[in-house]
>>> print(open('upload36.txt').read())   # compact mmCIF, C-alpha atoms
# COMPACT_ATOMS: atom_id res chain seq x y z
CA MET I 1 72.94 50.67 142.13
CA VAL I 2 74.47 54.13 142.67
CA GLN I 3 77.91 52.56 142.75
CA GLY I 4 77.27 50.70 139.49
CA LYS I 5 76.27 53.91 137.82
CA ALA I 6 79.33 55.70 139.15
CA ALA I 7 81.56 52.89 137.92
CA GLY I 8 79.97 53.18 134.50
CA ARG I 9 80.67 56.87 134.43
CA LYS I 10 84.23 56.27 135.50
CA ALA I 11 84.73 53.79 132.65
CA LEU I 12 83.24 56.29 130.21
CA LYS I 13 85.56 58.98 131.53
CA ARG I 14 88.50 56.68 131.10
CA PHE I 15 87.67 55.82 127.50
CA LEU I 16 86.48 59.24 126.40
CA PRO I 17 90.02 60.56 125.73
CA LEU I 18 90.80 57.42 123.74
CA ALA I 19 87.62 57.84 121.69
CA LEU I 20 88.39 61.50 121.06
CA PHE I 21 91.93 60.61 120.07
CA ALA I 22 90.67 57.94 117.65
CA ALA I 23 88.20 60.39 116.10
CA LEU I 24 90.92 63.03 115.69
CA ALA I 25 93.32 60.47 114.23
CA VAL I 26 90.77 59.40 111.62
CA LEU I 27 90.03 63.03 110.74
CA LEU I 28 93.70 63.94 110.38
CA TYR I 29 94.48 60.77 108.44
CA ALA I 30 91.70 61.57 105.99
CA GLY I 31 92.72 65.20 105.79
CA PHE I 32 96.41 64.62 105.24
CA SER I 33 96.60 61.48 103.15
CA LEU I 34 93.54 60.96 101.00
CA ARG I 35 94.12 64.05 98.93
CA ASP I 36 97.30 65.37 97.38
CA PRO I 37 97.50 68.91 98.76
CA HIS I 38 99.45 70.01 95.69
CA LEU I 39 96.50 69.30 93.41
CA LEU I 40 94.16 72.22 93.08
CA PRO I 41 90.67 71.49 91.86
CA SER I 42 90.42 73.24 88.54
CA ALA I 43 88.21 76.28 88.56
CA LEU I 44 88.13 76.33 84.77
CA VAL I 45 86.42 73.02 83.97
CA GLY I 46 83.07 73.70 82.31
CA LYS I 47 84.10 77.25 81.41
CA PRO I 48 85.27 78.62 78.06
CA PHE I 49 88.98 78.84 77.37
CA PRO I 50 89.95 82.46 78.20
CA PRO I 51 90.38 84.91 75.32
CA PHE I 52 93.94 85.77 74.27
CA ASP I 53 95.89 87.37 71.45
CA LEU I 54 99.42 86.05 71.45
CA PRO I 55 102.25 85.32 69.02
CA VAL I 56 102.67 81.84 67.61
CA LEU I 57 105.99 80.00 67.60
CA GLY I 58 107.34 80.31 64.07
CA GLY I 59 105.45 83.52 63.26
CA GLY I 60 101.98 85.03 63.26
CA ASN I 61 99.39 85.53 65.96
CA ALA I 62 96.58 83.44 67.37
CA THR I 63 93.39 84.25 69.26
CA ARG I 64 90.82 82.11 70.98
CA GLU I 65 89.05 81.57 67.60
CA ALA I 66 91.99 79.39 66.51
CA LEU I 67 91.01 76.79 69.11
CA LEU I 68 87.44 76.26 67.93
CA GLY I 69 86.07 73.67 65.52
CA GLU I 70 87.21 70.36 66.99
CA PRO I 71 88.18 68.88 70.37
CA ARG I 72 91.80 69.57 71.31
CA LEU I 73 94.38 69.01 73.97
CA VAL I 74 96.08 72.22 75.03
CA ASN I 75 99.36 71.38 76.69
CA VAL I 76 101.21 73.98 78.78
CA TRP I 77 104.93 73.26 78.55
CA ALA I 78 108.41 74.79 78.66
CA THR I 79 111.96 73.75 77.92
CA TRP I 80 112.92 74.45 81.56
CA CYS I 81 110.43 71.82 82.73
CA PRO I 82 111.89 68.31 82.99
CA THR I 83 108.46 66.72 83.50
CA CYS I 84 107.42 68.17 80.14
CA LEU I 85 110.21 66.22 78.49
CA SER I 86 109.15 63.04 80.26
CA GLU I 87 105.55 63.34 79.01
CA HIS I 88 106.59 64.40 75.51
CA GLY I 89 106.73 60.87 74.10
CA GLN I 90 103.15 60.27 75.23
CA LEU I 91 101.96 63.46 73.50
CA LEU I 92 103.69 62.35 70.30
CA ARG I 93 102.00 58.94 70.58
CA ILE I 94 98.57 60.49 71.19
CA ARG I 95 98.98 62.72 68.15
CA ALA I 96 100.20 59.89 65.93
CA GLU I 97 97.78 57.18 67.06
CA THR I 98 94.52 59.05 67.61
CA GLY I 99 94.74 62.13 65.42
CA LEU I 100 93.48 64.26 68.32
CA SER I 101 94.66 67.82 67.79
CA VAL I 102 97.32 68.89 70.29
CA LEU I 103 98.20 72.55 70.79
CA GLY I 104 101.05 73.88 72.88
CA VAL I 105 101.25 76.85 75.18
CA ASN I 106 104.96 77.58 75.42
CA TYR I 107 104.95 78.92 78.95
CA LYS I 108 107.47 81.51 80.20
CA ASP I 109 110.10 80.21 77.87
CA ASP I 110 112.60 81.36 75.26
CA PRO I 111 111.07 80.88 71.77
CA ALA I 112 114.43 80.08 70.12
CA GLN I 113 115.12 77.43 72.73
CA ALA I 114 111.60 76.08 72.36
CA LYS I 115 112.08 75.68 68.59
CA ARG I 116 115.34 73.84 69.09
CA TRP I 117 113.73 71.62 71.75
CA LEU I 118 110.90 70.65 69.37
CA ALA I 119 113.40 69.94 66.59
CA ASP I 120 115.34 67.67 68.96
CA HIS I 121 112.48 65.81 70.59
CA GLY I 122 109.74 65.82 67.95
CA ASP I 123 106.77 68.14 67.55
CA PRO I 124 103.26 66.88 68.38
CA TYR I 125 101.75 70.38 68.32
CA ASP I 126 99.57 71.84 65.56
CA PHE I 127 100.99 75.15 66.71
CA ASN I 128 102.40 76.74 69.82
CA ILE I 129 101.06 79.86 71.51
CA ILE I 130 103.90 81.86 73.07
CA ASP I 131 102.98 82.91 76.60
CA ALA I 132 106.28 84.56 77.50
CA GLU I 133 104.97 86.53 80.49
CA GLY I 134 102.69 83.85 81.88
CA ASP I 135 99.56 86.02 81.61
CA LEU I 136 97.59 83.42 79.66
CA GLY I 137 98.86 80.94 82.27
CA VAL I 138 97.29 83.04 85.05
CA ASN I 139 94.00 83.16 83.14
CA LEU I 140 94.17 79.38 82.79
CA GLY I 141 94.88 78.91 86.49
CA VAL I 142 98.23 77.34 85.67
CA TYR I 143 100.55 77.04 88.67
CA GLY I 144 103.25 74.88 87.16
CA ALA I 145 104.09 72.97 84.03
CA PRO I 146 103.03 70.68 82.53
CA GLU I 147 99.29 71.14 82.67
CA THR I 148 96.95 69.87 79.98
CA PHE I 149 93.42 70.97 79.11
CA LEU I 150 90.90 69.07 77.02
CA LEU I 151 88.69 71.46 75.05
CA ASP I 152 85.53 70.60 73.20
CA ALA I 153 84.79 71.91 69.69
CA SER I 154 83.27 75.12 71.07
CA GLY I 155 86.35 75.89 73.14
CA VAL I 156 84.96 74.92 76.55
CA VAL I 157 87.39 73.28 78.96
CA ARG I 158 86.16 69.75 79.68
CA TYR I 159 89.02 68.30 81.65
CA LYS I 160 92.26 69.45 83.18
CA HIS I 161 95.25 67.35 84.11
CA VAL I 162 98.07 68.72 86.28
CA GLY I 163 101.42 66.98 85.89
CA ALA I 164 102.81 64.59 83.32
CA ILE I 165 100.56 62.64 80.98
CA ASP I 166 101.62 59.02 80.78
CA ALA I 167 99.95 56.01 79.19
CA ALA I 168 97.79 55.41 82.29
CA VAL I 169 96.60 59.01 82.56
CA TRP I 170 95.71 58.95 78.87
CA ARG I 171 93.92 55.61 79.05
CA ASP I 172 92.07 56.24 82.33
CA LYS I 173 91.30 59.93 82.24
CA LEU I 174 91.92 61.93 79.08
CA GLU I 175 90.82 59.39 76.50
CA PRO I 176 87.48 58.61 78.21
CA ALA I 177 86.85 62.36 78.58
CA TRP I 178 87.62 62.83 74.89
CA GLN I 179 85.43 59.87 73.88
CA ALA I 180 82.59 61.36 75.93
CA LEU I 181 82.84 64.53 73.83
CA ALA I 182 82.63 62.61 70.58
CA ALA I 183 79.63 60.54 71.74
CA PRO I 184 76.27 61.73 70.37
CA ARG I 185 74.21 63.36 73.06
CA MET J 1 159.01 88.12 92.91
CA LYS J 2 158.37 85.95 95.90
CA ARG J 3 154.84 85.75 97.09
CA HIS J 4 153.84 85.21 100.62
CA PRO J 5 151.93 81.91 100.80
CA ARG J 6 149.33 83.27 103.19
CA ARG J 7 148.60 86.11 100.81
CA THR J 8 147.88 83.75 97.92
CA THR J 9 145.37 81.84 100.02
CA SER J 10 143.60 85.02 100.99
CA VAL J 11 143.35 86.00 97.31
CA ALA J 12 141.87 82.59 96.55
CA ALA J 13 139.44 82.96 99.42
CA ARG J 14 138.43 86.38 98.25
CA ARG J 15 137.92 85.05 94.76
CA ARG J 16 135.76 82.27 96.16
CA LEU J 17 133.73 84.81 98.13
CA ARG J 18 133.34 86.93 95.05
CA ARG J 19 131.79 83.95 93.31
CA LEU J 20 129.11 83.91 96.05
CA VAL J 21 128.11 87.53 95.45
CA PRO J 22 125.56 86.77 92.68
CA LEU J 23 124.03 84.17 95.00
CA LEU J 24 123.69 86.83 97.69
CA GLY J 25 121.95 89.02 95.14
CA ALA J 26 119.54 86.20 94.35
CA VAL J 27 118.69 85.76 98.03
CA ALA J 28 118.14 89.51 98.43
CA GLY J 29 116.01 89.43 95.28
CA VAL J 30 113.58 86.96 96.85
CA GLY J 31 112.91 89.37 99.69
CA ALA J 32 112.73 92.37 97.38
CA SER J 33 110.19 90.74 95.07
CA ALA J 34 107.63 90.70 97.86
CA ILE J 35 107.71 94.46 98.34
CA ASP J 36 107.40 95.49 94.72
CA GLY J 37 104.54 97.70 93.64
CA PHE J 38 106.24 101.08 93.41
CA ASP J 39 104.45 101.54 90.09
CA LEU J 40 101.12 101.95 91.86
CA PRO J 41 99.40 105.34 91.50
CA ASN J 42 99.06 106.34 95.16
CA ALA J 43 99.54 105.29 98.77
CA GLU J 44 95.94 104.19 99.18
CA VAL J 45 96.19 101.76 96.26
CA ALA J 46 99.59 100.59 97.51
CA ALA J 47 98.03 99.83 100.90
CA ARG J 48 95.22 97.88 99.22
CA TYR J 49 97.88 96.01 97.23
CA GLN J 50 99.73 94.98 100.39
CA ARG J 51 96.48 93.93 102.03
CA ALA J 52 95.49 91.86 98.97
CA LEU J 53 98.84 90.07 98.93
CA ALA J 54 98.38 88.94 102.50
CA GLU J 55 94.89 87.69 101.71
CA PHE J 56 95.84 85.39 98.82
CA ARG J 57 97.70 82.12 99.00
CA CYS J 58 100.40 81.22 96.51
CA PRO J 59 98.93 78.29 94.49
CA LYS J 60 102.27 76.50 94.27
CA CYS J 61 103.49 76.72 97.83
CA LEU J 62 100.70 75.38 100.12
CA ASN J 63 101.32 77.77 102.97
CA GLU J 64 102.72 81.05 101.81
CA SER J 65 100.86 84.21 100.97
CA LEU J 66 101.46 86.01 97.71
CA ALA J 67 103.29 88.61 99.78
CA SER J 68 105.91 86.24 101.13
CA SER J 69 106.39 83.81 98.27
CA GLY J 70 109.27 83.99 95.82
CA ALA J 71 107.74 81.38 93.48
CA PRO J 72 107.46 82.49 89.81
CA ILE J 73 103.69 81.99 89.89
CA ALA J 74 103.43 84.31 92.91
CA VAL J 75 105.38 86.93 90.94
CA ASP J 76 102.88 86.55 88.07
CA LEU J 77 99.90 86.82 90.42
CA ARG J 78 101.34 89.89 92.13
CA ARG J 79 101.72 91.46 88.70
CA THR J 80 98.11 90.50 87.92
CA VAL J 81 96.87 92.07 91.17
CA ARG J 82 98.82 95.27 90.43
CA ARG J 83 97.38 95.44 86.92
CA LEU J 84 93.82 95.02 88.23
CA LEU J 85 94.41 97.72 90.85
CA VAL J 86 95.74 100.12 88.23
CA GLU J 87 92.69 99.32 86.09
CA GLY J 88 90.60 100.51 89.01
CA LYS J 89 89.11 97.16 90.04
CA SER J 90 87.62 96.86 93.52
CA ASP J 91 88.97 94.46 96.15
CA ASP J 92 85.95 92.21 95.54
CA ASP J 93 86.62 92.19 91.78
CA ILE J 94 90.23 91.17 92.40
CA ARG J 95 89.22 88.40 94.79
CA LYS J 96 86.73 87.11 92.24
CA HIS J 97 89.28 87.35 89.42
CA LEU J 98 91.76 85.12 91.24
CA GLN J 99 89.09 82.79 92.59
CA GLU J 100 87.70 82.18 89.09
CA ARG J 101 91.15 81.07 87.95
CA TYR J 102 92.63 79.28 90.93
CA GLY J 103 89.56 78.33 92.95
CA ASP J 104 89.08 78.70 96.70
CA PHE J 105 92.64 77.49 97.20
CA VAL J 106 94.03 81.01 96.73
CA LEU J 107 91.80 82.51 99.42
CA TYR J 108 93.19 82.58 102.93
CA ASP J 109 89.68 83.46 104.10
CA PRO J 110 87.68 80.48 102.83
CA PRO J 111 84.07 81.08 101.78
CA LEU J 112 81.14 79.41 103.49
CA ARG J 113 79.95 76.39 101.49
CA PRO J 114 79.05 72.77 102.24
CA VAL J 115 82.65 71.52 102.04
CA THR J 116 83.78 74.15 104.53
CA TRP J 117 80.95 73.66 107.01
CA LEU J 118 83.16 71.49 109.20
CA LEU J 119 85.79 74.23 109.20
CA TRP J 120 83.38 77.03 110.06
CA PHE J 121 80.97 75.32 112.42
CA SER J 122 83.10 72.78 114.30
CA PRO J 123 84.32 75.40 116.84
CA LEU J 124 80.70 76.37 117.49
CA VAL J 125 79.65 72.72 117.82
CA LEU J 126 82.56 72.03 120.17
CA ALA J 127 81.70 75.08 122.27
CA ILE J 128 78.06 73.97 122.56
CA ALA J 129 79.14 70.43 123.42
CA LEU J 130 81.49 71.76 126.09
CA ALA J 131 78.76 73.97 127.54
CA GLY J 132 76.46 70.94 127.59
CA VAL J 133 79.00 68.82 129.42
CA LEU J 134 79.64 71.56 131.97
CA ALA J 135 75.91 72.14 132.53
CA HIS J 136 75.37 68.40 132.92
CA HIS J 137 78.13 68.17 135.53
CA SER J 138 77.03 71.18 137.56
CA ARG J 139 73.47 69.84 137.65
CA ARG J 140 74.46 66.34 138.62
CA ARG J 141 76.87 67.10 141.43
CA PRO J 142 74.44 68.48 144.10
CA ALA J 143 72.00 65.71 143.35
CA SER J 144 74.63 63.07 144.12
CA THR J 145 74.61 63.96 147.84
CA THR J 146 71.52 62.90 149.69
CA ASP J 147 69.92 64.81 152.54
CA ALA J 148 71.24 62.24 154.99
CA GLU J 149 74.77 62.65 153.66
CA ARG J 150 74.50 66.43 153.91
CA ALA J 151 73.27 66.21 157.49
CA LEU J 152 76.17 63.92 158.33
CA ALA J 153 78.62 66.31 156.71
CA ARG J 154 77.23 69.26 158.61
CA GLN J 155 77.48 67.32 161.82
CA LEU J 156 81.10 66.41 161.13
CA VAL J 157 81.99 70.00 160.32
CA GLU J 158 80.41 71.24 163.49
CA GLU J 159 82.25 68.63 165.52
CA THR J 160 85.55 69.57 163.90
CA VAL J 161 85.04 73.27 164.42
CA GLY J 162 84.11 72.59 168.00
CA THR J 163 87.26 70.61 168.78
CA THR J 164 89.93 72.54 166.83
CA LYS J 165 89.24 76.21 167.31
CA ASN J 166 91.87 77.72 165.12
CA HIS J 167 91.41 75.57 162.10
CA ALA J 168 88.96 76.46 159.42
CA PRO J 169 86.96 73.48 158.22
CA GLU J 170 88.47 71.91 155.18
CA GLY J 171 86.40 71.87 152.07
CA GLY J 172 84.53 68.72 151.45
>>> encode(input="upload36.txt", output="structure tokens")
Amino acid sequence: MVQGKAAGRKALKRFLPLALFAALAVLLYAGFSLRDPHLLPSALVGKPFPPFDLPVLGGGNATREALLGEPRLVNVWATWCPTCLSEHGQLLRIRAETGLSVLGVNYKDDPAQAKRWLADHGDPYDFNIIDAEGDLGVNLGVYGAPETFLLDASGVVRYKHVGAIDAAVWRDKLEPAWQALAAPR
Amino acid sequence: MKRHPRRTTSVAARRRLRRLVPLLGAVAGVGASAIDGFDLPNAEVAARYQRALAEFRCPKCLNESLASSGAPIAVDLRRTVRRLLVEGKSDDDIRKHLQERYGDFVLYDPPLRPVTWLLWFSPLVLAIALAGVLAHHSRRRPASTTDAERALARQLVEETVGTTKNHAPEGG
């Protein structure tokens, strides 16, 4: 009886390290692989687009008021950003096929170069806000380009996408979020 | 004029080295960018600036503080922190300002909330579990020897001490 108990304890002792290892392995697997560590959860979703007063590409100024009135995509881009070029075709398609307003934030870029880039590759933007210093970018929580925000008609951020928009991102994420805005509540 | 061949190679080498000089400047610039902040009003604010930089994580670089990162976004955030300091914002205001924009990710000292419970409490839970295991073991060990066994052990020790004078009894 005593021996049986002792044997049981011995078996437990033998398998305890294995069990601990398995538990740790599961924890680390979940921690390291299920989530892309480069993706920050956006702190801005559900909050109003930050106020700004910045020049517009091609002349003039714009403030936050210019964003109100209808849902919009606000796309943070730059000519130095190759991923921006790769998503550009999709932005052009969205603008042409859905009529959803697309605004640009030309982020830490050279305005002359940006103009040339838009002339070369097509221009989906209603207008472009020039954020030469990246200060609006900081207020938006931008940490790279491209990043795209979906705003509702009152200028509240409803969705944020980090990285390139392709057909799948549009179909699975941005379009449903946009449709949800248009739906009567 | 006849040129010495070795001399021409050394000129070429020097020219090649000279081409590396801007690169050297760029490398030095990365280090220098982390110790900017000479535009701050006084030493106390400068000290708060340095402390703040160590406390925030560069959003782009996973494991670098704002102080050590050369990423453009870290440069922007350092400028933002300097501006807030000059505006007279408190350390709490600055933390809140960055947290509102970049979330908890930028904080090297994560706040206590349900998703960080595991982080904050697991050491405590592990310590309690360890204490429990140790207590369990120390309680169980004396109970595992019966009175008869103890009497036998004592008898054996006495016998051993009796026969070998100069040897201390070995622990059992």
>>> interface_residues(input="upload36.txt", of="chain J", to="chain I", cutoff="7 Å", atoms="all atoms listed in the file", output="PyMOL selection string")
chain J and resi 59-60+73+76+100-103+105
>>> atom_distance(input="upload36.txt", atom1="atom CA of Pro111 of chain J", atom2="atom CA of Leu150 of chain I")
28.4 Å
>>> atom_distance(input="upload36.txt", atom1="atom CA of Asp172 of chain I", atom2="atom CA of Glu147 of chain I")
16.6 Å
>>> atom_distance(input="upload36.txt", atom1="atom CA of Arg83 of chain J", atom2="atom CA of Leu40 of chain J")
9.0 Å
>>> residues_near_point(input="upload36.txt", point="(97.9, 60.1, 81.0)", cutoff="12 Å", atoms="all atoms listed in the file", output="JSON, numbers by chain")
{"I": [73, 86, 87, 88, 89, 90, 91, 93, 94, 146, 147, 148, 149, 160, 161, 162, 163, 164, 165, 166, 167, 168, 169, 170, 171, 172, 173, 174, 175, 176, 177]}
>>> closest_residue(input="upload36.txt", among="I:Gln179, I:Ala78, I:Lys115, I:Gly8", to="Asp131 of chain I", atoms="only C-alpha atoms")
I:Ala78
>>> closest_residue(input="upload36.txt", among="I:Asp152, I:Ala182, I:Thr98, I:Ile129", to="Val45 of chain I", atoms="only C-alpha atoms")
I:Asp152
>>> closest_residue(input="upload36.txt", among="I:Arg95, I:Lys13, I:Lys5, I:Arg64", to="Tyr125 of chain I", atoms="all atoms listed in the file")
I:Arg95
>>> residues_around(input="upload36.txt", residues="Glu55 of chain J", least_positions_apart="3", cutoff="8 Å", atoms="only C-alpha atoms", output="list in words")
Arg51, Ala52, Ser65, Leu66, Leu107, Tyr108 and Asp109 of chain J
>>> closest_residue(input="upload36.txt", among="I:Leu151, I:Leu27, I:Leu57, I:Leu16", to="Asp123 of chain I", atoms="all atoms listed in the file")
I:Leu57
